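Quick look at model-v7.cif (mmCIF, C-alpha atoms):
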data_query
#
loop_
_atom_site.group_PDB
_atom_site.id
_atom_site.type_symbol
_atom_site.label_atom_id
_atom_site.label_comp_id
_atom_site.auth_asym_id
_atom_site.auth_seq_id
_atom_site.Cartn_x
_atom_site.Cartn_y
_atom_site.Cartn_z
ATOM 1 C CA MET G 1 0.000 0.000 0.000
ATOM 2 C CA PRO G 2 1.656 3.267 -1.050
ATOM 3 C CA GLY G 3 1.717 5.739 1.792
ATOM 4 C CA GLY G 4 1.097 2.984 4.335
ATOM 5 C CA PRO G 5 4.558 2.930 5.912
ATOM 6 C CA PRO G 6 4.918 6.705 6.415
ATOM 7 C CA ILE G 7 1.392 6.934 7.864
ATOM 8 C CA VAL G 8 1.971 4.115 10.378
ATOM 9 C CA GLN G 9 5.399 5.579 11.186
ATOM 10 C CA THR G 10 3.806 8.971 11.802
ATOM 11 C CA VAL G 11 1.336 7.392 14.234
ATOM 12 C CA HIS G 12 4.369 5.802 15.947
ATOM 13 C CA LEU G 13 6.192 9.162 16.019
ATOM 14 C CA LEU G 14 3.132 10.918 17.480
ATOM 15 C CA GLY G 15 3.024 8.234 20.183
ATOM 16 C CA ILE G 16 6.692 8.934 20.937
ATOM 17 C CA SER G 17 5.864 12.654 21.077
ATOM 18 C CA VAL G 18 3.287 11.964 23.799
ATOM 19 C CA VAL G 19 5.856 9.917 25.750
ATOM 20 C CA MET G 20 8.245 12.874 25.358
ATOM 21 C CA GLY G 21 5.604 15.269 26.647
ATOM 22 C CA SER G 22 4.697 13.006 29.584
ATOM 23 C CA ALA G 23 7.286 10.460 30.823
ATOM 24 C CA VAL G 24 10.333 12.436 29.647
ATOM 25 C CA LEU G 25 8.918 15.740 30.871
ATOM 26 C CA ILE G 26 8.305 14.178 34.297
ATOM 27 C CA ASN G 27 12.006 13.258 34.401
ATOM 28 C CA LEU G 28 12.950 16.849 33.573
ATOM 29 C CA ARG G 29 10.562 18.075 36.267
ATOM 30 C CA VAL G 30 12.043 15.749 38.903
ATOM 31 C CA LEU G 31 15.490 17.098 37.967
ATOM 32 C CA GLY G 32 14.148 20.641 38.405
ATOM 33 C CA LEU G 33 14.805 21.506 34.762
ATOM 34 C CA ALA G 34 11.254 22.072 33.510
ATOM 35 C CA LEU G 35 7.824 23.200 34.762
ATOM 36 C CA ARG G 36 9.230 24.192 38.125
ATOM 37 C CA SER G 37 6.112 26.062 39.192
ATOM 38 C CA GLN G 38 4.017 22.884 39.000
ATOM 39 C CA SER G 39 4.245 20.361 41.796
ATOM 40 C CA THR G 40 5.976 17.152 40.695
ATOM 41 C CA GLU G 41 3.292 15.074 42.343
ATOM 42 C CA ASP G 42 0.471 16.836 40.542
ATOM 43 C CA LEU G 43 2.319 16.761 37.216
ATOM 44 C CA ILE G 44 2.907 13.007 37.468
ATOM 45 C CA ARG G 45 -0.763 12.333 38.284
ATOM 46 C CA ARG G 46 -1.806 14.574 35.412
ATOM 47 C CA LEU G 47 0.582 13.156 32.798
ATOM 48 C CA ALA G 48 0.580 9.437 33.700
ATOM 49 C CA PRO G 49 -2.662 8.689 31.766
ATOM 50 C CA TRP G 50 -1.066 10.227 28.646
ATOM 51 C CA THR G 51 1.860 7.804 28.816
ATOM 52 C CA TRP G 52 -0.515 4.882 29.287
ATOM 53 C CA THR G 53 -2.540 5.971 26.275
ATOM 54 C CA ALA G 54 0.541 6.393 24.105
ATOM 55 C CA LEU G 55 2.222 3.072 24.962
ATOM 56 C CA PRO G 56 -0.543 0.789 23.565
ATOM 57 C CA LEU G 57 -0.672 3.013 20.468
ATOM 58 C CA LEU G 58 3.096 2.598 20.104
ATOM 59 C CA ALA G 59 2.882 -1.160 20.605
ATOM 60 C CA LEU G 60 0.131 -1.432 18.003
ATOM 61 C CA SER G 61 1.807 0.741 15.367
ATOM 62 C CA GLY G 62 5.132 -0.967 16.082
ATOM 63 C CA LEU G 63 3.529 -4.383 15.694
ATOM 64 C CA VAL G 64 2.468 -3.448 12.151
ATOM 65 C CA PHE G 65 6.133 -3.164 11.150
ATOM 66 C CA ILE G 66 7.107 -6.424 12.833
ATOM 67 C CA VAL G 67 4.251 -8.342 11.209
ATOM 68 C CA ALA G 68 5.145 -6.861 7.823
ATOM 69 C CA GLN G 69 8.833 -7.822 7.991
ATOM 70 C CA PRO G 70 9.487 -10.121 10.990
ATOM 71 C CA TYR G 71 12.975 -11.151 9.824
ATOM 72 C CA ARG G 72 14.088 -7.558 9.515
ATOM 73 C CA TYR G 73 13.391 -7.121 13.221
ATOM 74 C CA PHE G 74 14.007 -10.354 15.059
ATOM 75 C CA ASP G 75 17.427 -10.842 13.480
ATOM 76 C CA ASN G 76 18.329 -7.236 14.169
ATOM 77 C CA PRO G 77 20.615 -6.608 17.180
ATOM 78 C CA ILE G 78 19.530 -2.937 17.374
ATOM 79 C CA PHE G 79 15.905 -4.048 17.629
ATOM 80 C CA ARG G 80 16.861 -6.233 20.597
ATOM 81 C CA LEU G 81 18.803 -3.352 22.106
ATOM 82 C CA LYS G 82 15.744 -1.110 21.747
ATOM 83 C CA PHE G 83 13.624 -3.567 23.717
ATOM 84 C CA ALA G 84 16.389 -4.135 26.265
ATOM 85 C CA LEU G 85 16.307 -0.373 26.922
ATOM 86 C CA MET G 86 12.528 -0.084 26.743
ATOM 87 C CA VAL G 87 11.739 -2.554 29.538
ATOM 88 C CA PRO G 88 13.735 -0.640 32.200
ATOM 89 C CA ALA G 89 12.542 2.699 30.697
ATOM 90 C CA ILE G 90 8.924 1.672 31.295
ATOM 91 C CA ALA G 91 9.875 0.313 34.739
ATOM 92 C CA THR G 92 11.366 3.667 35.810
ATOM 93 C CA THR G 93 8.265 5.430 34.520
ATOM 94 C CA ILE G 94 6.019 3.074 36.509
ATOM 95 C CA ALA G 95 8.170 3.769 39.591
ATOM 96 C CA PHE G 96 7.409 7.510 39.297
ATOM 97 C CA HIS G 97 3.712 6.809 38.727
ATOM 98 C CA ARG G 98 3.581 4.593 41.839
ATOM 99 C CA ARG G 99 5.388 7.071 44.060
ATOM 100 C CA PRO G 100 4.626 10.538 42.693
ATOM 101 C CA ASP G 101 5.490 12.046 46.083
ATOM 102 C CA ALA G 102 8.982 10.511 46.201
ATOM 103 C CA ARG G 103 11.796 12.965 46.880
ATOM 104 C CA GLY G 104 15.514 12.861 47.433
ATOM 105 C CA ARG G 105 18.607 11.479 45.808
ATOM 106 C CA LEU G 106 17.058 8.215 44.662
ATOM 107 C CA SER G 107 14.401 9.961 42.574
ATOM 108 C CA VAL G 108 17.079 12.158 40.974
ATOM 109 C CA VAL G 109 19.155 9.104 40.043
ATOM 110 C CA LEU G 110 16.023 7.391 38.747
ATOM 111 C CA ALA G 111 15.107 10.432 36.642
ATOM 112 C CA VAL G 112 18.568 10.602 35.039
ATOM 113 C CA LEU G 113 18.413 6.878 34.328
ATOM 114 C CA SER G 114 14.885 7.087 32.944
ATOM 115 C CA LEU G 115 15.809 10.058 30.722
ATOM 116 C CA ALA G 116 18.852 8.243 29.319
ATOM 117 C CA LEU G 117 16.829 5.063 28.732
ATOM 118 C CA TRP G 118 14.003 6.819 26.863
ATOM 119 C CA ILE G 119 16.468 8.752 24.704
ATOM 120 C CA GLY G 120 18.243 5.457 24.013
ATOM 121 C CA VAL G 121 14.959 3.788 23.012
ATOM 122 C CA VAL G 122 14.160 6.541 20.475
ATOM 123 C CA LEU G 123 17.682 6.632 19.003
ATOM 124 C CA ALA G 124 17.864 2.831 18.791
ATOM 125 C CA GLY G 125 14.452 2.806 17.112
ATOM 126 C CA ARG G 126 15.737 4.928 14.262
ATOM 127 C CA TRP G 127 18.978 2.925 14.026
ATOM 128 C CA ILE G 128 17.135 -0.371 13.425
ATOM 129 C CA ALA G 129 17.049 0.626 9.762
ATOM 130 C CA TYR G 130 20.759 1.433 9.741
ATOM 131 C CA VAL G 131 22.132 -1.662 11.428
ATOM 132 C CA ASP G 132 24.438 -2.249 8.438
ATOM 133 C CA TYR G 133 26.365 0.917 9.243
ATOM 134 C CA LEU G 134 27.231 -0.456 12.673
ATOM 135 C CA MET G 135 27.626 -4.086 11.781
ATOM 136 C CA PRO G 136 28.582 -4.318 8.124
ATOM 137 C CA VAL G 137 27.547 -7.535 6.429
ATOM 138 C CA GLU G 138 30.648 -9.572 5.585
ATOM 139 C CA MET S 1 19.792 30.946 -8.675
ATOM 140 C CA LEU S 2 18.620 28.504 -6.016
ATOM 141 C CA ALA S 3 19.878 25.605 -8.135
ATOM 142 C CA ASN S 4 23.401 27.029 -7.838
ATOM 143 C CA LEU S 5 23.046 27.295 -4.080
ATOM 144 C CA TRP S 6 21.894 23.670 -3.813
ATOM 145 C CA ALA S 7 24.806 22.513 -5.993
ATOM 146 C CA TRP S 8 27.249 24.528 -3.896
ATOM 147 C CA LEU S 9 25.861 23.027 -0.675
ATOM 148 C CA GLU S 10 26.075 19.488 -2.053
ATOM 149 C CA ALA S 11 29.717 20.059 -3.020
ATOM 150 C CA LEU S 12 30.721 21.043 0.516
ATOM 151 C CA PRO S 13 33.146 18.548 2.077
ATOM 152 C CA LEU S 14 30.815 18.410 5.082
ATOM 153 C CA ALA S 15 27.879 17.407 2.858
ATOM 154 C CA GLU S 16 29.913 14.623 1.287
ATOM 155 C CA GLN S 17 31.099 13.481 4.690
ATOM 156 C CA ILE S 18 27.548 13.274 6.046
ATOM 157 C CA GLY S 19 26.097 11.647 2.938
ATOM 158 C CA ALA S 20 28.711 8.941 2.649
ATOM 159 C CA THR S 21 29.029 7.838 6.272
ATOM 160 C CA TRP S 22 27.156 6.926 9.449
ATOM 161 C CA TRP S 23 26.866 10.663 10.119
ATOM 162 C CA PHE S 24 23.586 10.699 8.184
ATOM 163 C CA PRO S 25 21.765 8.141 10.367
ATOM 164 C CA LEU S 26 23.286 9.789 13.436
ATOM 165 C CA LEU S 27 21.850 13.182 12.427
ATOM 166 C CA GLU S 28 18.560 11.542 11.465
ATOM 167 C CA SER S 29 18.166 9.782 14.803
ATOM 168 C CA PHE S 30 18.753 13.046 16.681
ATOM 169 C CA HIS S 31 16.354 14.776 14.276
ATOM 170 C CA VAL S 32 13.673 12.253 15.263
ATOM 171 C CA LEU S 33 14.488 12.676 18.961
ATOM 172 C CA SER S 34 14.287 16.480 18.887
ATOM 173 C CA SER S 35 11.224 16.536 16.599
ATOM 174 C CA THR S 36 9.200 14.271 18.857
ATOM 175 C CA PHE S 37 10.211 16.469 21.791
ATOM 176 C CA ILE S 38 9.067 19.588 19.898
ATOM 177 C CA VAL S 39 5.681 18.041 19.181
ATOM 178 C CA GLY S 40 5.346 16.621 22.701
ATOM 179 C CA SER S 41 6.037 19.996 24.296
ATOM 180 C CA ILE S 42 3.896 22.023 21.879
ATOM 181 C CA LEU S 43 1.083 19.511 22.380
ATOM 182 C CA MET S 44 1.023 20.557 26.024
ATOM 183 C CA VAL S 45 0.475 24.208 25.101
ATOM 184 C CA ASP S 46 -2.054 23.336 22.373
ATOM 185 C CA LEU S 47 -4.125 21.163 24.712
ATOM 186 C CA ARG S 48 -4.135 23.935 27.307
ATOM 187 C CA LEU S 49 -5.314 26.444 24.694
ATOM 188 C CA LEU S 50 -8.048 23.950 23.760
ATOM 189 C CA ASN S 51 -9.023 23.564 27.458
ATOM 190 C CA LEU S 52 -8.312 19.852 27.207
ATOM 191 C CA ALA S 53 -5.465 19.641 29.738
ATOM 192 C CA GLY S 54 -3.766 21.548 32.521
ATOM 193 C CA THR S 55 -6.728 23.877 33.034
ATOM 194 C CA LYS S 56 -5.614 24.413 36.645
ATOM 195 C CA TYR S 57 -2.570 26.343 35.414
ATOM 196 C CA PRO S 58 -2.419 29.775 33.779
ATOM 197 C CA VAL S 59 -1.834 29.654 30.033
ATOM 198 C CA THR S 60 1.092 32.090 30.229
ATOM 199 C CA ARG S 61 2.833 30.030 32.871
ATOM 200 C CA ILE S 62 2.642 26.833 30.815
ATOM 201 C CA ILE S 63 3.900 28.712 27.754
ATOM 202 C CA ARG S 64 6.729 30.340 29.692
ATOM 203 C CA GLU S 65 7.870 27.030 31.172
ATOM 204 C CA VAL S 66 7.487 24.815 28.123
ATOM 205 C CA ILE S 67 8.449 26.947 25.126
ATOM 206 C CA PRO S 68 12.157 27.386 26.017
ATOM 207 C CA TRP S 69 12.440 23.588 25.766
ATOM 208 C CA THR S 70 10.607 23.668 22.451
ATOM 209 C CA TYR S 71 13.090 26.232 21.134
ATOM 210 C CA ALA S 72 16.074 24.239 22.357
ATOM 211 C CA ALA S 73 14.753 21.110 20.630
ATOM 212 C CA SER S 74 14.022 23.197 17.511
ATOM 213 C CA ALA S 75 17.656 24.283 17.362
ATOM 214 C CA VAL S 76 18.722 20.613 17.366
ATOM 215 C CA SER S 77 16.107 19.792 14.726
ATOM 216 C CA VAL S 78 17.181 22.643 12.438
ATOM 217 C CA ILE S 79 20.903 21.845 12.708
ATOM 218 C CA THR S 80 20.414 18.108 12.109
ATOM 219 C CA GLY S 81 17.827 18.827 9.383
ATOM 220 C CA VAL S 82 20.159 21.193 7.510
ATOM 221 C CA GLY S 83 22.926 18.615 7.866
ATOM 222 C CA MET S 84 20.782 16.032 6.083
ATOM 223 C CA PHE S 85 19.453 18.538 3.543
ATOM 224 C CA ILE S 86 22.869 19.578 2.227
ATOM 225 C CA THR S 87 23.765 15.992 1.301
ATOM 226 C CA ARG S 88 21.236 16.099 -1.567
ATOM 227 C CA ALA S 89 19.895 19.653 -1.509
ATOM 228 C CA SER S 90 18.630 19.841 -5.109
ATOM 229 C CA ARG S 91 16.843 16.493 -4.731
ATOM 230 C CA TYR S 92 15.141 17.471 -1.461
ATOM 231 C CA ALA S 93 14.110 20.849 -2.867
ATOM 232 C CA GLU S 94 12.161 19.248 -5.711
ATOM 233 C CA ILE S 95 10.291 16.639 -3.627
ATOM 234 C CA PRO S 96 6.652 17.696 -3.038
ATOM 235 C CA ALA S 97 6.615 16.113 0.444
ATOM 236 C CA PHE S 98 9.624 18.254 1.407
ATOM 237 C CA GLN S 99 8.036 21.403 -0.034
ATOM 238 C CA ILE S 100 4.813 20.657 1.856
ATOM 239 C CA LYS S 101 6.774 20.099 5.073
ATOM 240 C CA MET S 102 8.544 23.472 4.739
ATOM 241 C CA THR S 103 5.234 25.201 3.950
ATOM 242 C CA LEU S 104 3.583 23.654 7.016
ATOM 243 C CA LEU S 105 6.552 24.711 9.183
ATOM 244 C CA VAL S 106 6.183 28.305 7.967
ATOM 245 C CA LEU S 107 2.427 28.152 8.644
ATOM 246 C CA ALA S 108 3.094 26.798 12.141
ATOM 247 C CA ALA S 109 5.467 29.722 12.770
ATOM 248 C CA VAL S 110 2.909 32.218 11.412
ATOM 249 C CA ASN S 111 0.216 30.639 13.592
ATOM 250 C CA MET S 112 2.474 31.058 16.636
ATOM 251 C CA ALA S 113 3.288 34.668 15.715
ATOM 252 C CA ILE S 114 -0.385 35.580 15.229
ATOM 253 C CA PHE S 115 -1.217 34.022 18.572
ATOM 254 C CA HIS S 116 1.501 35.909 20.439
ATOM 255 C CA LEU S 117 0.996 39.255 18.691
ATOM 256 C CA VAL S 118 -2.790 39.317 18.282
ATOM 257 C CA SER S 119 -4.753 36.550 20.011
ATOM 258 C CA ALA S 120 -2.756 36.765 23.247
ATOM 259 C CA ARG S 121 -3.634 40.445 23.707
ATOM 260 C CA GLY S 122 -5.661 40.797 26.878
ATOM 261 C CA ILE S 123 -4.601 37.304 27.890
ATOM 262 C CA SER S 124 -4.673 38.424 31.530
ATOM 263 C CA ASN S 125 -8.481 38.331 31.280
ATOM 264 C CA TRP S 126 -8.564 34.624 30.503
ATOM 265 C CA ASP S 127 -5.123 33.407 31.575
ATOM 266 C CA THR S 128 -6.422 31.335 34.481
ATOM 267 C CA ALA S 129 -9.836 30.580 33.007
ATOM 268 C CA SER S 130 -10.706 27.014 32.097
ATOM 269 C CA SER S 131 -12.466 28.427 29.038
ATOM 270 C CA THR S 132 -10.053 30.180 26.682
ATOM 271 C CA THR S 133 -11.088 32.553 23.898
ATOM 272 C CA SER S 134 -12.160 31.196 20.524
ATOM 273 C CA ALA S 135 -9.062 32.765 18.932
ATOM 274 C CA ALA S 136 -6.850 30.863 21.385
ATOM 275 C CA ARG S 137 -8.707 27.617 20.743
ATOM 276 C CA PHE S 138 -8.343 28.199 16.999
ATOM 277 C CA ALA S 139 -4.577 28.745 17.396
ATOM 278 C CA GLY S 140 -4.284 25.553 19.455
ATOM 279 C CA ALA S 141 -6.218 23.479 16.930
ATOM 280 C CA CYS S 142 -4.221 24.883 13.978
ATOM 281 C CA SER S 143 -0.953 24.180 15.748
ATOM 282 C CA LEU S 144 -1.981 20.597 16.490
ATOM 283 C CA LEU S 145 -2.973 19.888 12.882
ATOM 284 C CA LEU S 146 0.042 21.664 11.403
ATOM 285 C CA TRP S 147 2.514 19.694 13.529
ATOM 286 C CA VAL S 148 0.873 16.378 12.680
ATOM 287 C CA GLY S 149 1.227 17.444 9.033
ATOM 288 C CA VAL S 150 4.901 18.344 9.533
ATOM 289 C CA MET S 151 5.525 14.931 11.069
ATOM 290 C CA LEU S 152 3.716 13.058 8.268
ATOM 291 C CA SER S 153 5.291 15.006 5.414
ATOM 292 C CA GLY S 154 8.689 14.761 7.084
ATOM 293 C CA ARG S 155 8.444 10.988 7.361
ATOM 294 C CA TRP S 156 7.175 10.894 3.783
ATOM 295 C CA VAL S 157 10.365 12.591 2.549
ATOM 296 C CA GLY S 158 12.412 9.614 3.714
ATOM 297 C CA HIS S 159 10.315 7.255 1.595
ATOM 298 C CA VAL S 160 10.430 9.163 -1.700
ATOM 299 C CA LEU S 161 14.035 10.344 -1.585
#

Kindly present the structure from the file in structure tokens form.
Amino acid sequence: MPGGPPIVQTVHLLGISVVMGSAVLINLRVLGLALRSQSTEDLIRRLAPWTWTALPLLALSGLVFIVAQPYRYFDNPIFRLKFALMVPAIATTIAFHRRPDARGRLSVVLAVLSLALWIGVVLAGRWIAYVDYLMPVE
Amino acid sequence: MLANLWAWLEALPLAEQIGATWWFPLLESFHVLSSTFIVGSILMVDLRLLNLAGTKYPVTRIIREVIPWTYAASAVSVITGVGMFITRASRYAEIPAFQIKMTLLVLAAVNMAIFHLVSARGISNWDTASSTTSAARFAGACSLLLWVGVMLSGRWVGHVL
């Protein structure tokens, strides 16, 4: 279907945008870098539903690509790396959702970790298509 | 005129370096990262203007706290975007999807400018209200649609290059 791939990819990108505007923004808030006038606790409660709406949308649009070309993905080390980063990224996000009132050094460490993981997931996602640059075929 | 400029850009050593190496995917992956951040942060402002989120907070405060991040991400997007553009400038310039993307970006900027210069006048009257003016709602809706269009046309460029 012409136009199919870019449309599904755009849905995927919009899902990522919502994760950026919710989970990633929460990390920036915990680090005191963004939205400082809003309470962290309130922001987390307000933004958590957005993350949980975006993630199924991302899974669904992502699944379309996997179903279309399973070999391209399952044999791809960057694809595995993306998932290896995504599981702990989601875990750190859940940790903030569970304890929106958490303060102190641990939440700062968790926010830095979560930020790095989510950035890694997005970068790895784009690099799935460029695996040959990193691991040239013999 | 422009054709000469595109040819000159393509002949730059930097353009050849990016086009022939892993620099291109590196720039592209950061372009995706910054672009999704732009849309994610603008979405927050748009939804507030549409009274769909964050109605507890004044519009101006959300704008003041979110837009600097949007600008920072935009700087990354522009730099990485130009880096990719110069590798095949004349080809990009003739692709309809690319032309549409640039047009939508200009419209998004105009929409923002109109909002700040015109629609935001007297914002103190409705800054904290959970019902914004129709002009503000219009600006929010336009912004939302324009950015979805930028995303779609941008992704399209990669498929027709």

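Closest approach to chain S among G:Gly32, G:Gly62, G:Pro49, G:Gly125 is made by G:Gly125 (distances from all atoms listed in the file).
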
- [ ] Kindly resolve the PyMOL selection byres ((chain G) within 7 of (chain S)) on the present coordinates and return the residues as a PyMOL selection string.
- [x] chain G and resi 6-7+10+13+16-18+20-21+34-35+122-123+126-127+130+133

Prev. selection, C-alpha atoms, output as an mmCIF file, keeping the file's coordinate frame:
data_model
loop_
_atom_site.group_PDB
_atom_site.id
_atom_site.type_symbol
_atom_site.label_atom_id
_atom_site.label_comp_id
_atom_site.auth_asym_id
_atom_site.auth_seq_id
_atom_site.Cartn_x
_atom_site.Cartn_y
_atom_site.Cartn_z
ATOM 1 C CA PRO G 6 4.918 6.705 6.415
ATOM 2 C CA ILE G 7 1.392 6.934 7.864
ATOM 3 C CA THR G 10 3.806 8.971 11.802
ATOM 4 C CA LEU G 13 6.192 9.162 16.019
ATOM 5 C CA ILE G 16 6.692 8.934 20.937
ATOM 6 C CA SER G 17 5.864 12.654 21.077
ATOM 7 C CA VAL G 18 3.287 11.964 23.799
ATOM 8 C CA MET G 20 8.245 12.874 25.358
ATOM 9 C CA GLY G 21 5.604 15.269 26.647
ATOM 10 C CA ALA G 34 11.254 22.072 33.510
ATOM 11 C CA LEU G 35 7.824 23.200 34.762
ATOM 12 C CA VAL G 122 14.160 6.541 20.475
ATOM 13 C CA LEU G 123 17.682 6.632 19.003
ATOM 14 C CA ARG G 126 15.737 4.928 14.262
ATOM 15 C CA TRP G 127 18.978 2.925 14.026
ATOM 16 C CA TYR G 130 20.759 1.433 9.741
ATOM 17 C CA TYR G 133 26.365 0.917 9.243
#

Task: Between CA of Ala141 (chain S) and CA of Leu47 (chain S), distance in Å (one decimal) - done: 8.4 Å

Evaluated on this file, the PyMOL selection byres ((chain G and resi 71-83) around 6) picks out some residues - which ones are they, written as a PDB file with C-alpha atoms, in the coordinates of the input?
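Done, and the output landed in part29.pdb:
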ATOM      1  CA  GLN G  69       8.833  -7.822   7.991  1.00  0.00           C
ATOM      2  CA  PRO G  70       9.487 -10.121  10.990  1.00  0.00           C
ATOM      3  CA  ALA G  84      16.389  -4.135  26.265  1.00  0.00           C
ATOM      4  CA  LEU G  85      16.307  -0.373  26.922  1.00  0.00           C
ATOM      5  CA  MET G  86      12.528  -0.084  26.743  1.00  0.00           C
ATOM      6  CA  VAL G 121      14.959   3.788  23.012  1.00  0.00           C
ATOM      7  CA  ALA G 124      17.864   2.831  18.791  1.00  0.00           C
ATOM      8  CA  ILE G 128      17.135  -0.371  13.425  1.00  0.00           C
TER       9      ILE G 128
END

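Note that the spacing between CA of Leu57 (chain G) and CA of Gly4 (chain G) amounts to 16.2 Å.
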
Open item on the list: Please expand the PyMOL selection byres ((chain G and resi 99) around 12) into the concrete residues it hits in this file, giving the result as a PyMOL selection string.
Closed with: chain G and resi 40-42+44-45+48+92-98+100-103+106-107+110

Task: Nearest candidate to Thr53 (chain G) (options G:Val19, G:Pro5, G:Trp118, G:Ala91; using all atoms listed in the file) - done: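 Between G:Val19, G:Pro5, G:Trp118, G:Ala91, the residue approaching Thr53 (chain G) most closely is G:Val19.
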
Open item on the list: What's the separation between CA of Val30 (chain G) and CA of Leu144 (chain S), in Å to one decimal place?
Closed with: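 Computing it gives 26.9 Å between the two atoms.
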
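Between Val82 (chain S) and the candidates S:Trp6, S:Val59, S:Ala108, S:Thr70, the tightest atom-to-atom separation, counting all atoms listed in the file, involves S:Trp6.
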
Axis-aligned box for all listed atoms of region 3-8 of chain S, 6 Å per side, centre and edges in Å to one decimal, as lines of an AutoDock Vina configuration file:
center_x = 23.6
center_y = 24.9
center_z = -6.0
size_x = 19.4
size_y = 16.8
size_z = 16.3

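When the distance limit is 10 Å and all atoms listed in the file are what count, the residues near Leu107 (chain S), minus those fewer than 6 positions from it on the same chain, are S:Lys101, S:Ala113, S:Cys142, S:Ser143, S:Leu146, S:Trp147.
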
TODO: Would you kindly identify which residues have an atom no farther than 8 Å from (11.4, 11.7, 33.9), using all atoms listed in the file and the file's own coordinates, and write them out as JSON, numbers by chain?
DONE: {"G": [23, 24, 25, 26, 27, 28, 29, 30, 31, 93, 96, 110, 111, 112, 114, 115]}
